[in-house]
>>> print(open('my_file_19.cif').read())   # mmCIF, C-alpha atoms
data_my_file
#
loop_
_atom_site.label_atom_id
_atom_site.label_comp_id
_atom_site.auth_asym_id
_atom_site.auth_seq_id
_atom_site.Cartn_x
_atom_site.Cartn_y
_atom_site.Cartn_z
CA MET A 1438 -26.73 27.04 35.09
CA ASN A 1439 -28.61 26.96 31.80
CA LYS A 1440 -30.49 23.85 30.77
CA ILE A 1441 -28.53 21.47 28.55
CA ALA A 1442 -30.08 20.02 25.39
CA ILE A 1443 -28.90 17.46 22.86
CA VAL A 1444 -30.55 17.79 19.44
CA THR A 1445 -29.83 14.95 17.00
CA GLY A 1446 -29.83 15.62 13.28
CA ALA A 1447 -29.46 19.33 14.03
CA SER A 1448 -27.59 20.56 10.97
CA ARG A 1449 -30.54 20.79 8.57
CA GLY A 1450 -34.30 21.20 8.31
CA ILE A 1451 -36.42 20.76 11.40
CA GLY A 1452 -33.47 19.87 13.63
CA ARG A 1453 -31.66 23.06 12.68
CA GLU A 1454 -34.65 25.22 13.61
CA ILE A 1455 -35.10 23.36 16.89
CA ALA A 1456 -31.45 23.95 17.78
CA LYS A 1457 -31.79 27.66 16.96
CA GLN A 1458 -35.05 28.03 18.88
CA LEU A 1459 -33.63 26.43 22.01
CA ALA A 1460 -30.30 28.27 21.82
CA LYS A 1461 -32.05 31.61 21.47
CA ASN A 1462 -33.97 30.83 24.66
CA ASN A 1463 -30.88 30.48 26.85
CA ILE A 1464 -30.55 26.72 26.53
CA GLN A 1465 -27.08 25.30 25.94
CA VAL A 1466 -27.40 23.22 22.77
CA ILE A 1467 -25.27 20.31 21.68
CA ALA A 1468 -26.11 20.09 17.98
CA ASN A 1469 -25.43 16.64 16.60
CA TYR A 1470 -24.75 15.95 12.93
CA ASN A 1471 -23.42 13.02 10.94
CA HIS A 1472 -22.72 13.81 7.26
CA SER A 1473 -23.60 17.52 7.07
CA GLU A 1474 -20.51 19.05 8.68
CA LYS A 1475 -20.59 22.16 6.47
CA GLU A 1476 -24.18 22.93 7.49
CA ALA A 1477 -23.39 22.31 11.16
CA ILE A 1478 -20.49 24.77 11.05
CA GLN A 1479 -22.71 27.32 9.31
CA LEU A 1480 -25.31 26.93 12.07
CA LYS A 1481 -22.67 27.50 14.74
CA GLN A 1482 -21.30 30.56 12.95
CA GLU A 1483 -24.79 31.98 12.37
CA LEU A 1484 -25.58 31.85 16.08
CA GLU A 1485 -22.16 33.22 17.04
CA LYS A 1486 -23.12 36.44 15.21
CA GLU A 1487 -25.81 36.81 17.89
CA ASP A 1488 -23.33 35.99 20.66
CA ILE A 1489 -24.88 32.54 21.12
CA ILE A 1490 -22.50 29.63 21.54
CA ILE A 1491 -23.47 26.05 20.74
CA ASP A 1492 -21.48 22.84 20.51
CA ILE A 1493 -21.53 20.84 17.30
CA VAL A 1494 -20.67 17.16 17.62
CA LYS A 1495 -20.36 14.57 14.85
CA ALA A 1496 -21.90 11.19 15.67
CA ASP A 1497 -23.80 8.49 13.83
CA VAL A 1498 -26.60 8.06 16.36
CA SER A 1499 -27.60 4.72 14.86
CA LYS A 1500 -24.42 3.32 16.45
CA ARG A 1501 -24.32 2.91 20.22
CA GLU A 1502 -20.57 3.49 20.55
CA GLU A 1503 -20.90 6.89 18.86
CA VAL A 1504 -23.94 7.76 20.98
CA LYS A 1505 -21.93 6.96 24.09
CA LYS A 1506 -19.21 9.39 22.97
CA LEU A 1507 -21.80 12.12 22.29
CA VAL A 1508 -23.34 11.68 25.73
CA GLN A 1509 -19.92 11.44 27.39
CA PHE A 1510 -18.83 14.70 25.74
CA THR A 1511 -21.95 16.43 27.05
CA LEU A 1512 -21.65 15.12 30.61
CA GLU A 1513 -17.93 15.84 30.86
CA LYS A 1514 -18.47 19.42 29.75
CA TYR A 1515 -21.81 20.25 31.38
CA HIS A 1516 -22.37 17.47 33.96
CA LYS A 1517 -26.05 17.03 33.12
CA ILE A 1518 -28.56 16.57 30.30
CA ASP A 1519 -31.94 18.22 30.77
CA ILE A 1520 -33.43 17.87 27.30
CA LEU A 1521 -33.13 15.30 24.51
CA ILE A 1522 -34.59 15.93 21.07
CA ASN A 1523 -34.57 12.75 18.97
CA ASN A 1524 -34.79 14.27 15.51
CA ALA A 1525 -32.34 12.31 13.33
CA GLY A 1526 -34.14 10.57 10.51
CA ILE A 1527 -34.23 9.62 6.85
CA SER A 1528 -37.07 8.93 4.43
CA GLU A 1529 -37.57 6.04 2.02
CA TYR A 1530 -39.87 6.29 -1.02
CA LYS A 1531 -40.24 2.85 -2.59
CA MET A 1532 -42.76 0.12 -3.32
CA PHE A 1533 -43.01 -2.22 -0.33
CA THR A 1534 -42.29 -5.25 -2.52
CA ASP A 1535 -39.02 -3.62 -3.59
CA GLU A 1536 -37.77 -3.00 -0.04
CA THR A 1537 -34.70 -4.99 0.97
CA ASP A 1538 -33.25 -6.09 4.29
CA GLU A 1539 -30.64 -3.37 3.83
CA ASP A 1540 -33.40 -0.77 3.42
CA TRP A 1541 -35.04 -2.01 6.61
CA ASP A 1542 -31.79 -1.81 8.57
CA ARG A 1543 -30.97 1.67 7.26
CA VAL A 1544 -34.38 3.23 7.93
CA ILE A 1545 -35.20 1.50 11.21
CA ASN A 1546 -31.72 2.01 12.65
CA THR A 1547 -31.55 5.68 11.68
CA ASN A 1548 -35.09 6.63 12.67
CA LEU A 1549 -36.05 4.31 15.53
CA TYR A 1550 -32.99 2.57 16.94
CA SER A 1551 -31.24 5.94 17.23
CA ALA A 1552 -34.08 7.25 19.42
CA PHE A 1553 -33.97 4.05 21.50
CA VAL A 1554 -30.23 4.16 22.12
CA MET A 1555 -30.00 7.94 22.63
CA THR A 1556 -32.78 7.80 25.20
CA GLN A 1557 -31.32 4.78 26.94
CA GLU A 1558 -27.94 6.51 27.27
CA VAL A 1559 -29.25 9.83 28.65
CA ILE A 1560 -31.94 8.72 31.09
CA PRO A 1561 -29.59 7.57 33.89
CA ASN A 1562 -28.46 11.19 34.29
CA MET A 1563 -32.04 12.45 34.09
CA ILE A 1564 -33.17 9.92 36.68
CA HIS A 1565 -30.29 10.97 38.93
CA HIS A 1566 -31.44 14.58 38.78
CA LYS A 1567 -35.15 13.64 38.92
CA ASN A 1568 -35.80 15.87 35.93
CA GLY A 1569 -35.87 15.58 32.17
CA CYS A 1570 -37.67 16.32 28.92
CA ILE A 1571 -37.50 13.97 25.95
CA ILE A 1572 -39.13 14.96 22.65
CA ASN A 1573 -39.26 12.54 19.73
CA ILE A 1574 -39.74 14.06 16.28
CA SER A 1575 -42.07 11.57 14.67
CA SER A 1576 -44.35 12.05 11.64
CA ILE A 1577 -48.00 12.10 10.70
CA TRP A 1578 -47.20 8.91 8.78
CA GLY A 1579 -46.49 7.19 12.07
CA MET A 1580 -50.13 7.85 12.95
CA VAL A 1581 -51.95 7.15 9.68
CA GLY A 1582 -49.39 5.45 7.41
CA ALA A 1583 -48.23 6.43 3.93
CA SER A 1584 -48.28 4.54 0.66
CA LEU A 1585 -44.75 3.99 -0.72
CA GLU A 1586 -43.31 4.93 2.68
CA VAL A 1587 -44.02 1.77 4.64
CA LEU A 1588 -40.62 1.50 6.35
CA TYR A 1589 -40.68 5.18 7.29
CA SER A 1590 -44.22 4.78 8.64
CA ILE A 1591 -43.16 1.73 10.67
CA SER A 1592 -40.22 3.58 12.18
CA LYS A 1593 -42.33 6.56 13.22
CA ALA A 1594 -45.16 4.39 14.56
CA GLY A 1595 -42.56 2.63 16.70
CA MET A 1596 -41.33 5.99 17.95
CA ASN A 1597 -44.89 6.91 18.93
CA GLY A 1598 -45.29 3.66 20.85
CA MET A 1599 -41.99 4.20 22.63
CA THR A 1600 -43.10 7.71 23.58
CA LYS A 1601 -46.29 6.54 25.26
CA ALA A 1602 -44.70 3.62 27.08
CA LEU A 1603 -41.70 5.61 28.32
CA ALA A 1604 -43.91 8.43 29.56
CA LYS A 1605 -45.51 5.94 31.95
CA GLU A 1606 -42.21 4.38 32.97
CA LEU A 1607 -40.28 7.62 33.51
CA GLY A 1608 -43.07 9.79 34.91
CA PRO A 1609 -42.28 8.87 38.54
CA SER A 1610 -38.76 10.25 37.96
CA ASN A 1611 -40.23 13.57 36.76
CA ILE A 1612 -39.15 12.90 33.18
CA ARG A 1613 -41.62 13.94 30.51
CA VAL A 1614 -41.69 12.13 27.16
CA ASN A 1615 -43.66 13.47 24.21
CA ALA A 1616 -43.59 13.25 20.43
CA ILE A 1617 -44.30 15.75 17.70
CA ALA A 1618 -45.73 14.26 14.51
CA PRO A 1619 -45.38 16.91 11.78
CA GLY A 1620 -47.42 16.87 8.61
CA LEU A 1621 -45.86 18.08 5.38
CA ILE A 1622 -43.01 20.44 6.26
CA ASN A 1623 -40.94 22.42 3.76
CA THR A 1624 -37.61 20.60 4.11
CA ASP A 1625 -35.16 18.74 1.87
CA MET A 1626 -36.92 15.50 2.82
CA ASN A 1627 -39.86 16.55 0.66
CA ALA A 1628 -37.80 17.76 -2.29
CA ASN A 1629 -39.27 14.95 -4.43
CA LEU A 1630 -42.65 16.71 -4.50
CA SER A 1631 -43.47 18.87 -7.51
CA GLU A 1632 -44.91 22.39 -7.23
CA GLU A 1633 -48.22 21.02 -8.45
CA GLU A 1634 -48.27 18.34 -5.74
CA ILE A 1635 -47.43 20.89 -3.06
CA LYS A 1636 -50.18 23.19 -4.29
CA GLN A 1637 -52.67 20.33 -4.12
CA LEU A 1638 -51.61 19.51 -0.57
CA GLU A 1639 -51.98 23.16 0.41
CA GLU A 1640 -55.53 23.13 -0.94
CA GLU A 1641 -56.27 20.03 1.15
CA THR A 1642 -54.98 21.71 4.31
CA PRO A 1643 -57.50 23.80 6.30
CA LEU A 1644 -54.86 26.45 7.10
CA GLY A 1645 -53.99 26.67 3.40
CA ARG A 1646 -50.25 26.08 3.53
CA ILE A 1647 -47.62 23.46 4.23
CA GLY A 1648 -45.60 23.74 7.40
CA LYS A 1649 -42.27 25.40 8.07
CA PRO A 1650 -39.52 24.00 10.28
CA GLN A 1651 -40.18 26.94 12.63
CA ASP A 1652 -43.70 25.62 13.25
CA VAL A 1653 -42.27 22.44 14.71
CA ALA A 1654 -39.55 24.28 16.63
CA LYS A 1655 -42.15 26.46 18.36
CA CYS A 1656 -43.98 23.34 19.51
CA VAL A 1657 -40.71 21.97 20.87
CA LYS A 1658 -40.17 25.21 22.81
CA TRP A 1659 -43.62 24.88 24.39
CA LEU A 1660 -43.07 21.25 25.39
CA VAL A 1661 -39.71 22.14 26.95
CA GLU A 1662 -41.28 24.91 29.01
CA ASP A 1663 -44.39 22.94 30.02
CA ASN A 1664 -44.26 20.75 33.11
CA PHE A 1665 -47.47 18.72 32.99
CA THR A 1666 -47.67 17.28 29.47
CA THR A 1667 -46.35 13.77 28.89
CA GLY A 1668 -47.12 10.75 26.75
CA GLN A 1669 -48.67 12.85 23.98
CA ILE A 1670 -48.30 12.66 20.19
CA ILE A 1671 -48.85 16.21 18.98
CA SER A 1672 -49.40 16.57 15.26
CA VAL A 1673 -48.31 19.90 13.77
CA ASN A 1674 -49.98 19.65 10.37
CA GLY A 1675 -52.24 22.67 9.74
CA GLY A 1676 -55.33 20.49 10.07
CA TRP A 1677 -54.33 18.32 7.10
CA VAL A 1678 -55.00 15.21 9.21
CA ILE A 1679 -57.29 15.44 12.23
CA THR A 1680 -57.58 12.33 14.36
#
>>> encode(input="my_file_19.cif", output="C-alpha coordinates")
Amino acid sequence: MNKIAIVTGASRGIGREIAKQLAKNNIQVIANYNHSEKEAIQLKQELEKEDIIIDIVKADVSKREEVKKLVQFTLEKYHKIDILINNAGISEYKMFTDETDEDWDRVINTNLYSAFVMTQEVIPNMIHHKNGCIINISSIWGMVGASLEVLYSISKAGMNGMTKALAKELGPSNIRVNAIAPGLINTDMNANLSEEEIKQLEEETPLGRIGKPQDVAKCVKWLVEDNFTTGQIISVNGGWVIT
(Lines of atoms letter the chains of each structure in order from A and count residues from 1; the text may use other names and numbers.)
(Lines give C-alpha, C1' and ligand atoms only; values in the text may rest on other atoms or scores of the structure.)
Protein backbone atom coordinates (compact mmCIF):
# COMPACT_ATOMS: atom_id res chain seq x y z
CA MET A 1 0.00 0.00 0.00
CA ASN A 2 1.25 3.48 -0.84
CA LYS A 3 2.27 5.85 1.93
CA ILE A 4 -0.47 8.20 3.10
CA ALA A 5 0.21 11.92 3.55
CA ILE A 6 -1.86 14.80 4.88
CA VAL A 7 -0.78 18.21 3.59
CA THR A 8 -2.45 21.19 5.27
CA GLY A 9 -2.94 24.42 3.34
CA ALA A 10 -2.43 22.47 0.12
CA SER A 11 -4.51 24.47 -2.34
CA ARG A 12 -2.02 27.27 -3.01
CA GLY A 13 1.65 28.23 -2.99
CA ILE A 14 4.13 26.00 -1.22
CA GLY A 15 1.48 23.57 0.00
CA ARG A 16 0.20 23.02 -3.52
CA GLU A 17 3.68 22.16 -4.82
CA ILE A 18 4.30 19.83 -1.89
CA ALA A 19 1.04 18.00 -2.59
CA LYS A 20 1.97 17.65 -6.28
CA GLN A 21 5.51 16.50 -5.52
CA LEU A 22 4.34 13.81 -3.13
CA ALA A 23 1.46 12.64 -5.33
CA LYS A 24 3.76 12.30 -8.32
CA ASN A 25 5.99 10.04 -6.23
CA ASN A 26 3.31 7.44 -5.54
CA ILE A 27 2.19 8.85 -2.21
CA GLN A 28 -1.54 9.07 -1.55
CA VAL A 29 -2.18 12.71 -0.69
CA ILE A 30 -5.00 14.16 1.35
CA ALA A 31 -4.85 17.83 0.36
CA ASN A 32 -6.43 20.04 2.99
CA TYR A 33 -7.84 23.48 2.26
CA ASN A 34 -10.04 25.95 4.11
CA HIS A 35 -11.17 28.93 1.99
CA SER A 36 -9.61 28.12 -1.40
CA GLU A 37 -12.03 25.47 -2.66
CA LYS A 38 -11.70 26.54 -6.31
CA GLU A 39 -7.92 26.16 -6.20
CA ALA A 40 -8.18 22.80 -4.44
CA ILE A 41 -10.51 21.47 -7.14
CA GLN A 42 -8.16 22.76 -9.82
CA LEU A 43 -5.26 20.92 -8.16
CA LYS A 44 -7.24 17.70 -8.09
CA GLN A 45 -8.26 18.06 -11.74
CA GLU A 46 -4.70 18.94 -12.80
CA LEU A 47 -3.34 15.73 -11.27
CA GLU A 48 -6.21 13.65 -12.66
CA LYS A 49 -4.95 14.53 -16.16
CA GLU A 50 -1.83 12.55 -15.21
CA ASP A 51 -3.93 9.69 -13.80
CA ILE A 52 -3.04 10.72 -10.24
CA ILE A 53 -5.84 10.71 -7.70
CA ILE A 54 -5.75 12.80 -4.54
CA ASP A 55 -8.35 13.58 -1.90
CA ILE A 56 -9.24 17.19 -1.16
CA VAL A 57 -10.75 17.86 2.25
CA LYS A 58 -12.02 21.17 3.64
CA ALA A 59 -11.07 21.83 7.26
CA ASP A 60 -10.09 24.80 9.37
CA VAL A 61 -7.05 23.24 11.02
CA SER A 62 -7.00 25.90 13.71
CA LYS A 63 -10.08 24.17 15.17
CA ARG A 64 -9.62 20.80 16.85
CA GLU A 65 -13.07 19.47 15.94
CA GLU A 66 -12.36 20.02 12.24
CA VAL A 67 -8.90 18.48 12.56
CA LYS A 68 -10.48 15.41 14.14
CA LYS A 69 -12.81 15.06 11.14
CA LEU A 70 -9.88 15.41 8.70
CA VAL A 71 -7.90 12.73 10.52
CA GLN A 72 -10.97 10.50 10.88
CA PHE A 73 -11.65 10.75 7.13
CA THR A 74 -8.07 9.69 6.40
CA LEU A 75 -8.02 6.76 8.82
CA GLU A 76 -11.44 5.46 7.76
CA LYS A 77 -10.39 5.48 4.11
CA TYR A 78 -6.72 4.47 4.35
CA HIS A 79 -6.30 3.09 7.91
CA LYS A 80 -2.98 4.84 8.50
CA ILE A 81 -1.12 8.14 8.26
CA ASP A 82 2.55 7.95 7.34
CA ILE A 83 3.33 11.60 6.64
CA LEU A 84 2.07 14.91 8.01
CA ILE A 85 3.03 18.21 6.41
CA ASN A 86 2.02 21.15 8.62
CA ASN A 87 1.96 23.90 6.02
CA ALA A 88 -1.17 25.98 6.76
CA GLY A 89 -0.25 29.53 7.62
CA ILE A 90 -0.97 33.23 7.23
CA SER A 91 1.23 36.32 7.39
CA GLU A 92 0.73 39.57 9.29
CA TYR A 93 2.49 42.81 8.30
CA LYS A 94 1.91 45.43 10.98
CA MET A 95 3.68 47.53 13.59
CA PHE A 96 3.95 45.57 16.83
CA THR A 97 2.28 48.39 18.78
CA ASP A 98 -0.73 48.12 16.47
CA GLU A 99 -1.22 44.38 16.98
CA THR A 100 -4.41 43.38 18.78
CA ASP A 101 -5.47 40.34 20.77
CA GLU A 102 -7.52 39.32 17.75
CA ASP A 103 -4.41 39.50 15.55
CA TRP A 104 -2.54 37.31 18.04
CA ASP A 105 -5.31 34.71 18.11
CA ARG A 106 -5.62 34.63 14.33
CA VAL A 107 -1.91 34.30 13.55
CA ILE A 108 -0.91 32.01 16.41
CA ASN A 109 -3.93 29.73 16.00
CA THR A 110 -3.52 29.43 12.23
CA ASN A 111 0.24 29.01 12.16
CA LEU A 112 1.19 27.33 15.43
CA TYR A 113 -1.87 25.88 17.14
CA SER A 114 -2.84 24.15 13.89
CA ALA A 115 0.53 22.36 13.81
CA PHE A 116 0.13 21.43 17.50
CA VAL A 117 -3.35 19.99 17.13
CA MET A 118 -2.73 18.27 13.77
CA THR A 119 0.36 16.57 15.16
CA GLN A 120 -1.37 15.60 18.38
CA GLU A 121 -4.22 13.98 16.46
CA VAL A 122 -2.07 11.95 14.03
CA ILE A 123 0.71 10.66 16.26
CA PRO A 124 -1.31 7.92 18.01
CA ASN A 125 -1.62 6.15 14.65
CA MET A 126 2.06 6.74 13.87
CA ILE A 127 3.08 5.41 17.27
CA HIS A 128 0.89 2.36 16.72
CA HIS A 129 2.69 1.61 13.46
CA LYS A 130 6.11 2.62 14.86
CA ASN A 131 6.68 4.81 11.83
CA GLY A 132 6.06 8.39 10.79
CA CYS A 133 7.39 11.55 9.20
CA ILE A 134 6.27 15.00 10.32
CA ILE A 135 7.49 18.08 8.46
CA ASN A 136 6.63 21.57 9.69
CA ILE A 137 6.82 24.38 7.14
CA SER A 138 8.30 27.18 9.18
CA SER A 139 10.10 30.33 7.97
CA ILE A 140 13.47 32.00 8.07
CA TRP A 141 11.74 34.60 10.25
CA GLY A 142 11.26 31.96 12.91
CA MET A 143 15.05 31.76 13.08
CA VAL A 144 16.13 35.40 12.82
CA GLY A 145 12.93 37.46 13.27
CA ALA A 146 11.43 40.09 10.98
CA SER A 147 10.55 43.71 11.60
CA LEU A 148 6.80 44.36 11.16
CA GLU A 149 6.16 40.60 11.30
CA VAL A 150 6.55 39.96 15.01
CA LEU A 151 3.50 37.70 15.42
CA TYR A 152 4.45 35.69 12.34
CA SER A 153 8.01 35.36 13.64
CA ILE A 154 6.73 34.22 17.05
CA SER A 155 4.51 31.58 15.48
CA LYS A 156 7.31 30.16 13.35
CA ALA A 157 9.84 30.25 16.20
CA GLY A 158 7.34 28.24 18.24
CA MET A 159 7.03 25.75 15.41
CA ASN A 160 10.82 25.36 15.37
CA GLY A 161 10.88 24.71 19.11
CA MET A 162 8.11 22.15 18.80
CA THR A 163 10.03 20.42 16.02
CA LYS A 164 13.16 19.96 18.11
CA ALA A 165 11.35 18.85 21.25
CA LEU A 166 9.05 16.40 19.45
CA ALA A 167 11.96 14.87 17.55
CA LYS A 168 13.41 13.81 20.91
CA GLU A 169 10.08 12.62 22.29
CA LEU A 170 8.95 10.66 19.22
CA GLY A 171 12.31 9.31 18.06
CA PRO A 172 11.98 6.08 20.08
CA SER A 173 8.76 5.39 18.14
CA ASN A 174 10.64 5.77 14.83
CA ILE A 175 8.86 9.04 14.06
CA ARG A 176 11.01 11.73 12.47
CA VAL A 177 10.15 15.40 12.99
CA ASN A 178 11.82 18.14 10.97
CA ALA A 179 11.08 21.68 9.84
CA ILE A 180 11.80 23.57 6.66
CA ALA A 181 12.35 27.30 7.11
CA PRO A 182 12.08 28.90 3.65
CA GLY A 183 13.50 32.29 2.83
CA LEU A 184 11.70 34.53 0.38
CA ILE A 185 9.57 32.32 -1.87
CA ASN A 186 7.54 33.54 -4.85
CA THR A 187 4.03 33.04 -3.48
CA ASP A 188 0.91 35.14 -2.86
CA MET A 189 2.12 35.69 0.72
CA ASN A 190 4.81 38.01 -0.64
CA ALA A 191 2.56 39.88 -3.06
CA ASN A 192 3.06 43.07 -1.01
CA LEU A 193 6.66 43.34 -2.23
CA SER A 194 7.39 45.61 -5.18
CA GLU A 195 9.52 44.57 -8.16
CA GLU A 196 12.24 46.88 -6.89
CA GLU A 197 12.21 45.24 -3.45
CA ILE A 198 12.36 41.77 -4.98
CA LYS A 199 15.27 42.80 -7.19
CA GLN A 200 17.13 44.11 -4.16
CA LEU A 201 16.53 40.85 -2.28
CA GLU A 202 17.79 38.88 -5.28
CA GLU A 203 20.97 40.93 -5.26
CA GLU A 204 21.43 40.16 -1.56
CA THR A 205 21.05 36.42 -2.17
CA PRO A 206 24.23 34.49 -3.09
CA LEU A 207 22.34 32.33 -5.61
CA GLY A 208 20.92 35.46 -7.23
CA ARG A 209 17.22 34.69 -7.12
CA ILE A 210 14.28 34.28 -4.79
CA GLY A 211 12.91 30.82 -4.19
CA LYS A 212 10.14 28.93 -5.93
CA PRO A 213 7.58 26.70 -4.22
CA GLN A 214 9.19 23.76 -6.04
CA ASP A 215 12.44 24.40 -4.14
CA VAL A 216 10.66 23.75 -0.86
CA ALA A 217 8.73 20.78 -2.25
CA LYS A 218 11.96 19.08 -3.32
CA CYS A 219 13.31 19.42 0.21
CA VAL A 220 10.11 17.86 1.53
CA LYS A 221 10.55 14.93 -0.86
CA TRP A 222 14.08 14.36 0.45
CA LEU A 223 13.00 14.46 4.09
CA VAL A 224 10.19 11.99 3.38
CA GLU A 225 12.61 9.56 1.73
CA ASP A 226 15.39 9.96 4.32
CA ASN A 227 15.34 7.77 7.41
CA PHE A 228 18.02 9.25 9.68
CA THR A 229 17.34 12.99 9.81
CA THR A 230 15.27 14.34 12.68
CA GLY A 231 15.05 17.45 14.84
CA GLN A 232 16.49 19.68 12.12
CA ILE A 233 15.47 23.15 10.92
CA ILE A 234 16.50 23.26 7.27
CA SER A 235 16.48 26.71 5.70
CA VAL A 236 15.84 26.78 1.95
CA ASN A 237 16.83 30.37 1.21
CA GLY A 238 19.51 30.50 -1.52
CA GLY A 239 22.11 31.58 1.02
CA TRP A 240 20.22 34.78 1.86
CA VAL A 241 20.60 33.97 5.57
CA ILE A 242 23.36 31.63 6.71
CA THR A 243 23.38 30.72 10.39
>>> closest_residue(input="my_file_19.cif", among="A:Ile1522, A:Ile1545, A:Phe1553, A:Leu1585", to="Ala1616 (chain A)", atoms="only C-alpha atoms")
A:Ile1522
>>> resolve_selection(input="my_file_19.cif", expression="the PyMOL selection byres ((chain A and resi 1444) around 8)", output="VMD selection string")
chain A and resid 1442 to 1443 1445 to 1447 1452 1455 to 1456 1466 to 1469 1521 to 1524
>>> closest_residue(input="my_file_19.cif", among="A:Ala1604, A:Ile1493, A:Ala1618, A:Val1498", to="Thr1547 (chain A)", atoms="only C-alpha atoms")
A:Val1498
>>> closest_residue(input="my_file_19.cif", among="A:Glu1539, A:Ile1527, A:Ser1610, A:Ala1552", to="Ile1564 (chain A)", atoms="only C-alpha atoms")
A:Ser1610
>>> closest_residue(input="my_file_19.cif", among="A:Lys1440, A:Lys1457, A:Lys1655, A:Arg1449", to="Met1626 (chain A)", atoms="only C-alpha atoms")
A:Arg1449
>>> atom_distance(input="my_file_19.cif", atom1="CA of Lys1649 (chain A)", atom2="CA of Arg1543 (chain A)")
26.3 Å
>>> atom_distance(input="my_file_19.cif", atom1="CA of Asn1615 (chain A)", atom2="CA of Glu1476 (chain A)")
27.4 Å
>>> closest_residue(input="my_file_19.cif", among="A:Asn1597, A:Tyr1589, A:Glu1558, A:Asn1623", to="Ile1635 (chain A)", atoms="all atoms listed in the file")
A:Asn1623
>>> atom_distance(input="my_file_19.cif", atom1="CA of Arg1646 (chain A)", atom2="CA of Gly1675 (chain A)")
7.4 Å
>>> closest_residue(input="my_file_19.cif", among="A:Lys1531, A:Ser1499, A:Met1596, A:Glu1513", to="Ile1577 (chain A)", atoms="all atoms listed in the file")
A:Met1596
>>> resolve_selection(input="my_file_19.cif", expression="the PyMOL selection byres ((chain A and resi 1496) around 7)", output="list in words")
Asn1469, Tyr1470, Asn1471, Val1494, Lys1495, Asp1497, Val1498, Glu1503, Val1504 and Leu1507 of chain A
>>> write_last_selection(input="my_file_19.cif", atoms="C-alpha atoms", output="CSV table (one decimal), in the frame of the given file")
chain,number,residue,atom,x,y,z
A,1469,ASN,CA,-25.4,16.6,16.6
A,1470,TYR,CA,-24.8,16.0,12.9
A,1471,ASN,CA,-23.4,13.0,10.9
A,1494,VAL,CA,-20.7,17.2,17.6
A,1495,LYS,CA,-20.4,14.6,14.8
A,1497,ASP,CA,-23.8,8.5,13.8
A,1498,VAL,CA,-26.6,8.1,16.4
A,1503,GLU,CA,-20.9,6.9,18.9
A,1504,VAL,CA,-23.9,7.8,21.0
A,1507,LEU,CA,-21.8,12.1,22.3
>>> residues_around(input="my_file_19.cif", residues="Ala1628 (chain A)", least_positions_apart="5", cutoff="12 Å", atoms="all atoms listed in the file", output="PyMOL selection string")
chain A and resi 1450+1528+1530+1621-1623+1634-1635
>>> resolve_selection(input="my_file_19.cif", expression="the PyMOL selection byres ((chain A and resi 1609) around 12)", output="VMD selection string")
chain A and resid 1563 to 1564 1567 to 1569 1603 to 1608 1610 to 1614 1667
>>> residues_around(input="my_file_19.cif", residues="Leu1638 (chain A)", least_positions_apart="6", cutoff="12 Å", atoms="only C-alpha atoms", output="PDB file with C-alpha atoms, in the frame of the given file")
ATOM      1  CA  GLY A1620     -47.420  16.870   8.610  1.00  0.00           C
ATOM      2  CA  LEU A1621     -45.860  18.080   5.380  1.00  0.00           C
ATOM      3  CA  ILE A1622     -43.010  20.440   6.260  1.00  0.00           C
ATOM      4  CA  ASN A1623     -40.940  22.420   3.760  1.00  0.00           C
ATOM      5  CA  LEU A1630     -42.650  16.710  -4.500  1.00  0.00           C
ATOM      6  CA  SER A1631     -43.470  18.870  -7.510  1.00  0.00           C
ATOM      7  CA  GLU A1632     -44.910  22.390  -7.230  1.00  0.00           C
ATOM      8  CA  LEU A1644     -54.860  26.450   7.100  1.00  0.00           C
ATOM      9  CA  GLY A1645     -53.990  26.670   3.400  1.00  0.00           C
ATOM     10  CA  ARG A1646     -50.250  26.080   3.530  1.00  0.00           C
ATOM     11  CA  ILE A1647     -47.620  23.460   4.230  1.00  0.00           C
ATOM     12  CA  GLY A1648     -45.600  23.740   7.400  1.00  0.00           C
ATOM     13  CA  ASN A1674     -49.980  19.650  10.370  1.00  0.00           C
ATOM     14  CA  GLY A1675     -52.240  22.670   9.740  1.00  0.00           C
ATOM     15  CA  GLY A1676     -55.330  20.490  10.070  1.00  0.00           C
ATOM     16  CA  TRP A1677     -54.330  18.320   7.100  1.00  0.00           C
ATOM     17  CA  VAL A1678     -55.000  15.210   9.210  1.00  0.00           C
TER      18      VAL A1678
END
>>> axis_aligned_box(input="my_file_19.cif", around="region 1516-1528 of chain A", padding_each_side="6 Å", output="JSON")
{"center_x": -29.7, "center_y": 13.6, "center_z": 19.2, "size_x": 26.7, "size_y": 21.3, "size_z": 41.5}
